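Engineer: The following file, query_5.cif, comprises mmCIF, C-alpha atoms:
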```
data_model
loop_
_atom_site.group_PDB
_atom_site.id
_atom_site.type_symbol
_atom_site.label_atom_id
_atom_site.label_comp_id
_atom_site.auth_asym_id
_atom_site.auth_seq_id
_atom_site.Cartn_x
_atom_site.Cartn_y
_atom_site.Cartn_z
ATOM 1 C CA MET A 1 -7.747 61.244 65.741
ATOM 2 C CA ALA A 2 -10.464 61.814 63.232
ATOM 3 C CA GLN A 3 -10.985 65.330 61.978
ATOM 4 C CA GLY A 4 -13.601 67.088 64.078
ATOM 5 C CA GLU A 5 -12.986 64.853 67.089
ATOM 6 C CA ARG A 6 -13.201 66.647 70.412
ATOM 7 C CA THR A 7 -11.285 65.993 73.586
ATOM 8 C CA ARG A 8 -11.439 67.232 77.162
ATOM 9 C CA ALA A 9 -8.944 68.274 79.810
ATOM 10 C CA ARG A 10 -9.662 69.110 83.452
ATOM 11 C CA VAL A 11 -6.926 71.239 84.988
ATOM 12 C CA LEU A 12 -6.133 72.238 88.555
ATOM 13 C CA VAL A 13 -3.867 75.269 88.779
ATOM 14 C CA SER A 14 -1.947 76.008 91.992
ATOM 15 C CA GLY A 15 -0.033 79.094 93.070
ATOM 16 C CA ARG A 16 -1.092 82.738 93.206
ATOM 17 C CA VAL A 17 -4.078 82.214 90.934
ATOM 18 C CA GLN A 18 -6.984 83.848 92.775
ATOM 19 C CA GLY A 19 -7.481 87.602 92.845
ATOM 20 C CA VAL A 20 -5.353 88.058 89.714
ATOM 21 C CA PHE A 21 -8.114 87.872 87.048
ATOM 22 C CA PHE A 22 -7.239 84.236 86.300
ATOM 23 C CA ARG A 23 -10.845 83.226 85.595
ATOM 24 C CA ALA A 24 -11.623 86.170 83.308
ATOM 25 C CA GLU A 25 -8.348 85.780 81.419
ATOM 26 C CA THR A 26 -8.885 82.012 81.107
ATOM 27 C CA ARG A 27 -12.316 82.660 79.574
ATOM 28 C CA ALA A 28 -10.805 85.183 77.140
ATOM 29 C CA ALA A 29 -8.046 82.733 76.166
ATOM 30 C CA ALA A 30 -10.558 79.898 75.720
ATOM 31 C CA ARG A 31 -12.720 82.048 73.475
ATOM 32 C CA ARG A 32 -9.701 83.078 71.385
ATOM 33 C CA LEU A 33 -8.743 79.415 71.018
ATOM 34 C CA GLY A 34 -12.284 78.238 70.243
ATOM 35 C CA VAL A 35 -12.473 76.055 73.347
ATOM 36 C CA ASP A 36 -15.639 75.323 75.344
ATOM 37 C CA GLY A 37 -15.835 74.661 79.089
ATOM 38 C CA TRP A 38 -15.752 76.504 82.385
ATOM 39 C CA VAL A 39 -13.445 77.852 85.101
ATOM 40 C CA ARG A 40 -13.936 78.405 88.832
ATOM 41 C CA ASN A 41 -12.069 79.211 92.033
ATOM 42 C CA LEU A 42 -11.770 76.414 94.591
ATOM 43 C CA PRO A 43 -11.940 76.987 98.376
ATOM 44 C CA ASP A 44 -8.340 75.722 98.755
ATOM 45 C CA GLY A 45 -6.952 78.581 96.624
ATOM 46 C CA ARG A 46 -6.590 76.666 93.368
ATOM 47 C CA VAL A 47 -8.388 77.312 90.094
ATOM 48 C CA GLU A 48 -10.185 74.463 88.327
ATOM 49 C CA ALA A 49 -10.956 74.590 84.622
ATOM 50 C CA VAL A 50 -12.424 72.233 82.050
ATOM 51 C CA PHE A 51 -11.606 72.675 78.371
ATOM 52 C CA GLU A 52 -13.304 70.874 75.475
ATOM 53 C CA GLY A 53 -12.477 71.215 71.809
ATOM 54 C CA SER A 54 -10.063 70.026 69.180
ATOM 55 C CA PRO A 55 -6.986 68.322 70.621
ATOM 56 C CA GLY A 56 -4.716 71.180 69.504
ATOM 57 C CA ALA A 57 -6.954 73.892 70.955
ATOM 58 C CA VAL A 58 -7.341 72.068 74.278
ATOM 59 C CA GLU A 59 -3.570 71.585 74.435
ATOM 60 C CA ALA A 60 -3.085 75.322 73.791
ATOM 61 C CA ALA A 61 -5.554 76.206 76.576
ATOM 62 C CA VAL A 62 -3.734 73.932 79.029
ATOM 63 C CA ALA A 63 -0.418 75.489 77.971
ATOM 64 C CA TRP A 64 -1.888 78.957 78.612
ATOM 65 C CA CYS A 65 -2.744 77.879 82.185
ATOM 66 C CA ARG A 66 0.913 77.077 82.856
ATOM 67 C CA THR A 67 1.617 80.839 82.786
ATOM 68 C CA GLY A 68 -1.785 82.447 83.278
ATOM 69 C CA PRO A 69 -2.380 86.194 83.407
ATOM 70 C CA GLU A 70 0.361 88.706 84.130
ATOM 71 C CA ARG A 71 -0.235 88.961 87.894
ATOM 72 C CA ALA A 72 -0.474 85.197 88.469
ATOM 73 C CA ALA A 73 2.341 83.040 89.827
ATOM 74 C CA VAL A 74 1.529 79.500 88.668
ATOM 75 C CA GLU A 75 3.315 76.830 90.697
ATOM 76 C CA SER A 76 1.789 73.691 89.210
ATOM 77 C CA VAL A 77 -0.833 72.505 86.744
ATOM 78 C CA GLU A 78 -2.413 69.062 87.093
ATOM 79 C CA VAL A 79 -4.050 67.791 83.901
ATOM 80 C CA GLU A 80 -6.669 65.040 83.713
ATOM 81 C CA PRO A 81 -7.574 64.185 80.092
ATOM 82 C CA GLY A 82 -10.848 62.567 79.159
ATOM 83 C CA PRO A 83 -13.597 62.299 76.566
ATOM 84 C CA ALA A 84 -15.560 65.427 75.673
ATOM 85 C CA GLU A 85 -18.983 65.729 77.305
ATOM 86 C CA GLY A 86 -20.479 68.204 74.840
ATOM 87 C CA ILE A 87 -20.102 71.486 76.735
ATOM 88 C CA ALA A 88 -21.059 74.531 74.648
ATOM 89 C CA GLY A 89 -19.643 77.984 75.352
ATOM 90 C CA PHE A 90 -17.257 78.982 78.133
ATOM 91 C CA ALA A 91 -18.445 80.080 81.568
ATOM 92 C CA ILE A 92 -17.012 81.448 84.789
ATOM 93 C CA ARG A 93 -18.597 79.512 87.643
#
```
Starting from the file, lay out its structure as structure tokens.

Structural biologist:
Amino acid sequence: MAQGERTRARVLVSGRVQGVFFRAETRAAARRLGVDGWVRNLPDGRVEAVFEGSPGAVEAAVAWCRTGPERAAVESVEVEPGPAEGIAGFAIR
């Protein structure tokens, strides 16, 4: 990939991931990694997140989701890669 190229990953995280500060900790991790995007709880109990940034930073954010915050119990992480859409900043939805 060319230097400066951005990528995107949409992740769906299953397990005990709501009520354990998953969204706030995901935002903090994304900001540390320099990744843009958003995170939200889904009605079915999963957490959905979108990360955009350099391939290495996006990969690191996805890897973070495989463990999550201390109180979480992640069972599975589905990853859907794609082209960046130009999101700026990181939001909790």

Engineer: Region 9-22 of chain A: which residues within 10 Å, counting all atoms listed in the file, same-chain residues fewer than 5 positions away excluded, as a count of residues only?

Structural biologist: 43

Engineer: How far is it from CA of Arg23 (chain A) to CA of Trp64 (chain A), in Å with one decimal?

Structural biologist: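 For CA of Arg23 (chain A) relative to CA of Trp64 (chain A), the distance reads 12.1 Å.
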
Engineer: Find the smallest box with edges along x, y and z containing every listed atom of region 31-39 of chain A, then add 8 Å on each side and report centre and edge lengths in Å to one decimal, as JSON.

Structural biologist:
```
{"center_x": -12.3, "center_y": 78.9, "center_z": 77.7, "size_x": 23.1, "size_y": 24.4, "size_z": 30.9}
```

Engineer: Could you check how far CA of Glu25 (chain A) sits from CA of Glu85 (chain A), in Å to one decimal?

Structural biologist: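 We find that CA of Glu25 (chain A) and CA of Glu85 (chain A) lie 23.1 Å from each other.
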
Engineer: Between CA of Gly56 (chain A) and CA of Ala24 (chain A), what is the distance in Å, rounded to a tenth?

Structural biologist: 21.5 Å

Engineer: So, counting only C-alpha atoms, which residue among A:Gly86, A:Pro43, A:Ala91, A:Thr7 is closest to Ala30 (chain A)?

Structural biologist: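 Nearest to Ala30 (chain A): A:Ala91.
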
Engineer: Once the PyMOL selection byres ((chain A and resi 33) around 8) has been evaluated on this model, what residues remain selected, and can you format them as a VMD selection string?

Structural biologist: chain A and resid 29 to 32 34 to 35 57 60 to 61

Engineer: Keeping C-alpha atoms, export the residues of the selection given above as a compact mmCIF listing (two decimals), in the frame of the given file.

Structural biologist:
```txt
# COMPACT_ATOMS: atom_id res chain seq x y z
CA ALA A 29 -8.05 82.73 76.17
CA ALA A 30 -10.56 79.90 75.72
CA ARG A 31 -12.72 82.05 73.47
CA ARG A 32 -9.70 83.08 71.39
CA GLY A 34 -12.28 78.24 70.24
CA VAL A 35 -12.47 76.06 73.35
CA ALA A 57 -6.95 73.89 70.96
CA ALA A 60 -3.08 75.32 73.79
CA ALA A 61 -5.55 76.21 76.58
```
